[in-house]
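Listing of final-v2.txt; format and content: compact mmCIF, C-alpha atoms.
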# COMPACT_ATOMS: atom_id res chain seq x y z
CA MET A 1 21.41 -17.65 8.00
CA ALA A 2 18.79 -20.41 8.24
CA GLY A 3 15.84 -18.04 7.89
CA GLU A 4 17.22 -16.42 4.79
CA GLY A 5 17.97 -19.85 3.32
CA THR A 6 14.35 -20.87 3.88
CA ARG A 7 13.11 -17.73 2.17
CA ARG A 8 15.41 -18.33 -0.83
CA HIS A 9 14.13 -21.90 -1.08
CA SER A 10 10.52 -20.71 -0.99
CA ARG A 11 11.14 -18.15 -3.71
CA GLY A 12 12.87 -20.81 -5.80
CA ALA A 13 9.88 -23.11 -5.43
CA PHE A 14 7.57 -20.27 -6.42
CA TRP A 15 9.42 -19.52 -9.63
CA ALA A 16 9.84 -23.21 -10.43
CA GLY A 17 6.06 -23.40 -10.42
CA ALA A 18 5.92 -20.23 -12.49
CA ARG A 19 8.06 -21.75 -15.25
CA LEU A 20 5.86 -24.83 -15.35
CA GLU A 21 2.71 -22.72 -15.57
CA ALA A 22 4.20 -20.60 -18.35
CA LYS A 23 4.47 -23.70 -20.54
CA VAL A 24 0.75 -24.42 -20.29
CA ALA A 25 -0.80 -20.96 -19.82
CA SER A 26 -1.78 -20.74 -23.47
CA GLY A 27 -3.17 -24.27 -23.70
CA LEU A 28 -6.74 -25.46 -23.32
CA ARG A 29 -6.05 -27.36 -20.09
CA GLU A 30 -4.06 -26.47 -17.00
CA VAL A 31 -1.74 -28.99 -15.37
CA PRO A 32 -1.79 -29.14 -11.55
CA PRO A 33 0.64 -26.76 -9.82
CA VAL A 34 3.85 -28.30 -8.52
CA ALA A 35 3.80 -29.32 -4.87
CA GLY A 36 6.62 -26.95 -3.97
CA ASP A 37 4.79 -23.80 -5.10
CA ILE A 38 4.22 -21.78 -1.94
CA ARG A 39 0.97 -20.31 -3.26
CA PHE A 40 -0.61 -23.73 -2.96
CA SER A 41 1.41 -25.68 -0.42
CA VAL A 42 2.15 -23.32 2.50
CA PRO A 43 -0.57 -22.54 5.08
CA LEU A 44 -0.65 -18.81 5.80
CA PHE A 45 -3.90 -18.03 7.62
CA THR A 46 -6.42 -19.43 10.01
CA ILE A 47 -10.05 -19.40 8.91
CA GLU A 48 -10.70 -16.53 11.33
CA GLU A 49 -7.89 -14.42 9.88
CA ALA A 50 -8.90 -15.13 6.30
CA SER A 51 -12.54 -14.27 7.00
CA ARG A 52 -11.46 -10.81 8.13
CA TYR A 53 -9.34 -10.24 5.06
CA VAL A 54 -12.01 -11.22 2.53
CA GLY A 55 -14.93 -9.72 4.46
CA ARG A 56 -16.88 -12.95 4.96
CA ALA A 57 -18.34 -14.47 8.10
CA ARG A 58 -16.09 -17.07 9.70
CA SER A 59 -18.90 -19.63 9.51
CA THR A 60 -19.30 -19.00 5.77
CA LEU A 61 -15.62 -19.46 5.06
CA ARG A 62 -15.46 -22.60 7.20
CA ASP A 63 -18.42 -23.98 5.27
CA TRP A 64 -16.64 -23.25 1.97
CA THR A 65 -13.63 -25.29 3.14
CA LEU A 66 -15.90 -28.27 3.85
CA ARG A 67 -18.26 -28.32 0.86
CA GLU A 68 -16.91 -30.34 -2.05
CA ALA A 69 -17.13 -28.88 -5.56
CA GLY A 70 -15.75 -31.49 -7.91
CA PRO A 71 -12.17 -32.51 -7.08
CA ALA A 72 -11.80 -30.30 -3.98
CA PRO A 73 -13.69 -28.12 -1.50
CA LEU A 74 -14.92 -24.73 -2.67
CA VAL A 75 -11.93 -23.26 -0.81
CA HIS A 76 -8.76 -25.32 -0.48
CA ARG A 77 -7.55 -26.06 3.03
CA LEU A 78 -4.34 -27.76 4.15
CA GLU A 79 -3.91 -29.96 7.21
CA PRO A 80 -2.91 -27.65 10.09
CA GLU A 81 -0.02 -28.52 12.39
CA SER A 82 -2.31 -28.01 15.38
CA PRO A 83 -6.01 -27.14 15.87
CA ARG A 84 -5.22 -23.41 16.11
CA ALA A 85 -2.55 -23.30 13.41
CA ALA A 86 -2.87 -21.74 9.96
CA SER A 87 -4.49 -23.97 7.35
CA LEU A 88 -5.36 -21.75 4.37
CA PRO A 89 -2.77 -21.15 1.62
CA PHE A 90 -2.66 -18.09 -0.61
CA VAL A 91 -4.79 -19.73 -3.30
CA ALA A 92 -7.59 -20.19 -0.74
CA ILE A 93 -7.75 -16.44 -0.12
CA VAL A 94 -8.14 -15.83 -3.85
CA GLU A 95 -10.84 -18.51 -4.07
CA ALA A 96 -12.76 -16.99 -1.15
CA HIS A 97 -12.49 -13.55 -2.72
CA MET A 98 -13.89 -14.81 -6.03
CA LEU A 99 -16.67 -16.80 -4.32
CA SER A 100 -17.78 -13.52 -2.75
CA GLY A 101 -18.36 -12.25 -6.27
CA PHE A 102 -20.33 -15.38 -7.16
CA LYS A 103 -22.52 -14.83 -4.09
CA GLU A 104 -23.15 -11.26 -5.22
CA LEU A 105 -24.78 -12.74 -8.31
CA GLY A 106 -27.34 -14.32 -5.99
CA LEU A 107 -26.32 -17.97 -6.19
CA SER A 108 -27.67 -20.27 -3.49
CA PRO A 109 -25.18 -22.63 -1.75
CA GLY A 110 -26.22 -25.47 -4.07
CA GLU A 111 -25.91 -23.30 -7.17
CA LEU A 112 -22.52 -22.11 -5.97
CA ARG A 113 -21.22 -25.65 -5.70
CA LYS A 114 -22.70 -26.60 -9.07
CA SER A 115 -21.11 -23.58 -10.76
CA VAL A 116 -17.64 -24.13 -9.31
CA THR A 117 -17.78 -27.87 -10.07
CA ARG A 118 -18.66 -27.14 -13.70
CA ILE A 119 -15.97 -24.46 -14.08
CA ARG A 120 -13.29 -26.69 -12.58
CA GLY A 121 -14.32 -29.58 -14.78
CA GLU A 122 -14.52 -27.60 -18.01
CA LEU A 123 -11.19 -25.85 -17.38
CA GLY A 124 -9.51 -29.04 -16.15
CA ASP A 125 -8.12 -27.20 -13.11
CA GLU A 126 -9.20 -27.62 -9.49
CA TYR A 127 -7.74 -24.15 -8.84
CA ALA A 128 -9.83 -22.60 -11.63
CA LEU A 129 -11.14 -19.78 -9.40
CA ALA A 130 -7.57 -18.50 -9.07
CA THR A 131 -6.75 -18.64 -12.78
CA ARG A 132 -7.02 -15.75 -15.21
CA ARG A 133 -9.32 -17.91 -17.36
CA VAL A 134 -12.19 -17.38 -14.92
CA ALA A 135 -12.52 -13.91 -16.49
CA THR A 136 -13.35 -15.35 -19.90
CA ASP A 137 -14.14 -19.06 -19.98
CA GLY A 138 -15.60 -19.01 -16.46
CA VAL A 139 -17.95 -16.13 -17.17
CA SER A 140 -19.14 -17.84 -20.35
CA LEU A 141 -19.86 -20.99 -18.35
CA LEU A 142 -21.79 -19.00 -15.75
CA ILE A 143 -23.94 -17.46 -18.45
CA ASP A 144 -24.48 -20.89 -19.99
CA MET A 145 -25.51 -22.36 -16.63
CA ALA A 146 -27.84 -19.51 -15.70
CA GLY A 147 -30.81 -21.15 -17.41
CA SER A 148 -30.80 -24.04 -14.93
CA PHE A 149 -30.95 -21.87 -11.80
CA GLU A 150 -34.12 -20.64 -10.15
CA ASN A 151 -32.85 -18.10 -7.63
CA PRO A 152 -34.58 -14.71 -8.27
CA SER A 153 -31.35 -12.69 -8.08
CA TRP A 154 -29.68 -15.08 -10.48
CA GLU A 155 -32.64 -14.77 -12.85
CA ARG A 156 -32.04 -11.02 -13.03
CA ALA A 157 -28.37 -11.62 -13.80
CA ARG A 158 -29.31 -14.14 -16.51
CA ASP A 159 -31.81 -11.78 -18.13
CA GLY A 160 -29.05 -9.20 -18.48
CA GLN A 161 -26.03 -11.39 -19.19
CA GLN A 162 -23.74 -8.40 -19.03
CA VAL A 163 -24.47 -8.21 -15.29
CA ILE A 164 -22.62 -11.49 -14.74
CA SER A 165 -19.51 -10.19 -16.47
CA GLU A 166 -19.64 -6.85 -14.64
CA VAL A 167 -19.88 -8.46 -11.20
CA ILE A 168 -17.05 -10.91 -11.84
CA GLN A 169 -14.84 -8.21 -13.35
CA ARG A 170 -15.45 -6.07 -10.26
CA TYR A 171 -13.78 -8.78 -8.17
CA LEU A 172 -11.13 -9.69 -10.72
CA LYS A 173 -9.67 -6.19 -10.61
CA PHE A 174 -8.27 -7.00 -7.17
CA VAL A 175 -6.44 -10.11 -8.45
CA HIS A 176 -3.02 -9.86 -10.08
CA TRP A 177 -1.23 -12.28 -12.38
CA ASP A 178 2.35 -11.90 -13.53
CA PRO A 179 2.56 -12.27 -17.33
CA GLN A 180 4.10 -15.74 -17.12
CA HIS A 181 1.63 -17.10 -14.56
CA ALA A 182 -1.70 -18.79 -15.13
CA HIS A 183 -2.66 -18.59 -11.45
CA ALA A 184 -2.88 -15.50 -9.25
CA THR A 185 0.29 -14.18 -7.64
CA ARG A 186 -1.15 -11.29 -5.62
CA LEU A 187 -4.47 -10.21 -4.14
CA ARG A 188 -5.35 -6.65 -3.21
CA LEU A 189 -7.73 -6.77 -0.28
CA LYS A 190 -11.13 -5.30 -1.03
CA THR A 191 -11.83 -4.82 2.68
CA TYR A 192 -9.27 -1.99 2.99
CA GLN A 193 -10.67 1.21 1.49
CA GLY A 194 -8.19 4.07 1.24
CA ALA A 195 -5.06 1.90 1.44
CA ASP A 196 -3.63 -0.54 -1.09
CA VAL A 197 -3.18 -3.61 1.09
CA ILE A 198 -2.04 -6.77 -0.64
CA ILE A 199 -1.33 -10.41 0.11
CA ASP A 200 1.63 -11.74 -1.85
CA PRO A 201 3.41 -14.90 -0.67
CA ARG A 202 6.75 -13.41 -1.69
CA PHE A 203 6.55 -10.64 0.90
CA ALA A 204 6.31 -10.75 4.71
CA PHE A 205 5.65 -14.51 4.60
CA GLY A 206 2.30 -13.83 2.98
CA GLN A 207 0.96 -11.48 5.64
CA PRO A 208 -0.96 -8.38 4.47
CA VAL A 209 1.30 -5.44 3.59
CA LEU A 210 0.94 -1.99 2.07
CA GLU A 211 1.62 -2.52 -1.63
CA ARG A 212 4.12 0.26 -2.22
CA GLU A 213 6.26 0.14 0.94
CA LYS A 214 5.68 -3.53 1.88
CA VAL A 215 5.01 -2.48 5.48
CA ARG A 216 3.08 -5.14 7.37
CA VAL A 217 -0.44 -4.17 8.37
CA GLY A 218 0.15 -5.99 11.66
CA ASP A 219 3.08 -3.71 12.51
CA ILE A 220 0.97 -0.61 11.91
CA LEU A 221 -1.78 -1.96 14.15
CA ASP A 222 0.70 -2.95 16.88
CA ALA A 223 1.98 0.63 16.95
CA PHE A 224 -1.56 1.99 17.11
CA TRP A 225 -2.61 -0.34 19.94
CA ALA A 226 0.55 0.78 21.77
CA GLY A 227 -0.76 4.35 21.73
CA GLU A 228 1.10 5.92 18.80
CA SER A 229 -0.70 8.61 16.77
CA TYR A 230 -1.48 8.28 13.05
CA ARG A 231 1.20 10.80 12.11
CA THR A 232 3.84 9.23 14.31
CA ILE A 233 3.15 5.81 12.82
CA ALA A 234 3.19 7.24 9.29
CA SER A 235 6.53 8.92 9.92
CA GLU A 236 8.05 5.85 11.54
CA PHE A 237 7.13 3.53 8.67
CA GLY A 238 7.46 6.03 5.82
CA VAL A 239 3.83 5.79 4.71
CA LYS A 240 1.03 8.29 4.24
CA PRO A 241 -1.11 9.23 7.29
CA GLY A 242 -4.21 8.46 5.20
CA GLU A 243 -2.99 4.90 4.67
CA VAL A 244 -2.46 4.43 8.38
CA GLU A 245 -5.93 5.77 9.07
CA ALA A 246 -7.46 3.42 6.48
CA VAL A 247 -5.73 0.37 7.97
CA ILE A 248 -6.85 1.25 11.48
CA ARG A 249 -10.38 2.06 10.31
CA ALA A 250 -10.69 -1.35 8.67
CA ALA A 251 -9.40 -3.12 11.79
CA THR A 252 -11.70 -1.26 14.19
CA ARG A 253 -14.67 -1.77 11.88
CA ARG A 254 -14.08 -5.52 12.03
CA GLN A 255 -13.80 -5.39 15.82
CA ARG A 256 -17.15 -3.63 16.11
CA ALA A 257 -18.77 -6.19 13.79
CA ALA A 258 -17.37 -9.15 15.76
Please, can you express the file's structure as C-alpha cells?
Amino acid sequence: MAGEGTRRHSRGAFWAGARLEAKVASGLREVPPVAGDIRFSVPLFTIEEASRYVGRARSTLRDWTLREAGPAPLVHRLEPESPRAASLPFVAIVEAHMLSGFKELGLSPGELRKSVTRIRGELGDEYALATRRVATDGVSLLIDMAGSFENPSWERARDGQQVISEVIQRYLKFVHWDPQHAHATRLRLKTYQGADVIIDPRFAFGQPVLEREKVRVGDILDAFWAGESYRTIASEFGVKPGEVEAVIRAATRRQRAA
C-alpha cells in the first residue's frame, strides 16, 4: 500500500540519519543531519499546536521562530505548504522545550539569543539545543557566559552555579536519545501531568501518543468530546482511567487559558 510504503521510507530515512550521527557522536563537532531525516525535514505541527504541547504562549513561540541565533532562528521552522499548514518539525519542539528551561533561568530575550548563538557556535551544530551535549558542554558555556549578563534572576543563577545545571537537567529529563543518536529522538511532554505523553516521529506520524500503548492523544479527546466517559474510553483503548483523565485535564486546562 502507498501509505505503508511512505512510512517505510520515512523510517529508513530516520535510521540513515542515525547511522551518520553515530559516526560523529563521540567527536568534538557535529556534522549537519542528513536532509532525509524526518526529525529535521518533515513539518509536524503548526505554531499554535506546538505552543500547547510545550506550554508556551503562541506569540512567544512565533517570536522564537523569527529571531535569529547564529545560523538559524531560535526554533527551526520549515516552509509550510499553505498559511495554515504545519511548519515545525520534531527538532523544533525539542528546541522550544529547552528554551523554556533557559527562560526559567531568567534570561532576557537578548540574553537568550546570545546564549543560543554561543552554544551553537562552540558546539558547531545549529541543532545544539536538541543534542545530548547541551547537558554538559552547553551548561558549562552558560555558566561561563553568566558573568556578562545583568538580569537579576540570572545573577542569582550565576552566584550559585549549580542552579544552572539543576534547571537544565530538570528539562533534559523529558528528552530521550537512543544510544546511537546525538540528537533527540523522543520528547515526553511536560504539560501532561499524570500521563506519559510523548512525541516521537516514528509513531502516529509524530502526533502526541501515550508512551506505553502508543494511543493518540487526539483519539482520546475525540472520544471524550463525543460524550464517552473516562472508563469507557480507557476500556476501549486499553489504557488506565487515570491516564485518560490526565489527558483530558491538560486539554481542558489549555482551553480555559486560551
* Nearest to Arg188 (chain A) by atom-to-atom distance, counting all atoms listed in the file, from A:Arg113, A:His97, A:Arg52, A:Arg202 ->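 Going through A:Arg113, A:His97, A:Arg52, A:Arg202 one by one, the smallest distance to Arg188 (chain A) is for A:His97.
Between CA of Phe224 (chain A) and CA of Val244 (chain A) lies a distance of 9.1 Å.
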* Asked: What gap, in Å, lies between CA of Gly101 (chain A) and CA of Pro89 (chain A)?
  ->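 Computing the Euclidean distance for CA of Gly101 (chain A) and CA of Pro89 (chain A) yields 19.6 Å.
Taking CA of Arg170 (chain A) as the reference point, CA of Thr131 (chain A) is found at 15.5 Å.
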* From the set A:Arg77, A:Arg231, A:Arg216, A:His183, which residue has the shortest atom-to-atom contact distance to Thr65 (chain A), counting only C-alpha atoms? -> A:Arg77
* **Pick from A:Arg133, A:Ser148, A:Leu210, A:Pro43, whichever lies nearest to Ser82 (chain A) using all atoms listed in the file** =>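 Closest residue, counting all atoms listed in the file: A:Pro43.
Counting all atoms listed in the file, region 162-165 of chain A has the following residues at most 8 Å away, ignoring those fewer than 5 positions along the same chain: Leu105, Ala135, Val139, Leu142, Ile143 and Ala157 of chain A.
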* Given all atoms listed in the file as the counted atoms, nearest of A:Glu236, A:Asp222, A:Glu68, A:Asp178 to Leu112 (chain A) ->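 Of all the options, A:Glu68 lies closest to Leu112 (chain A).
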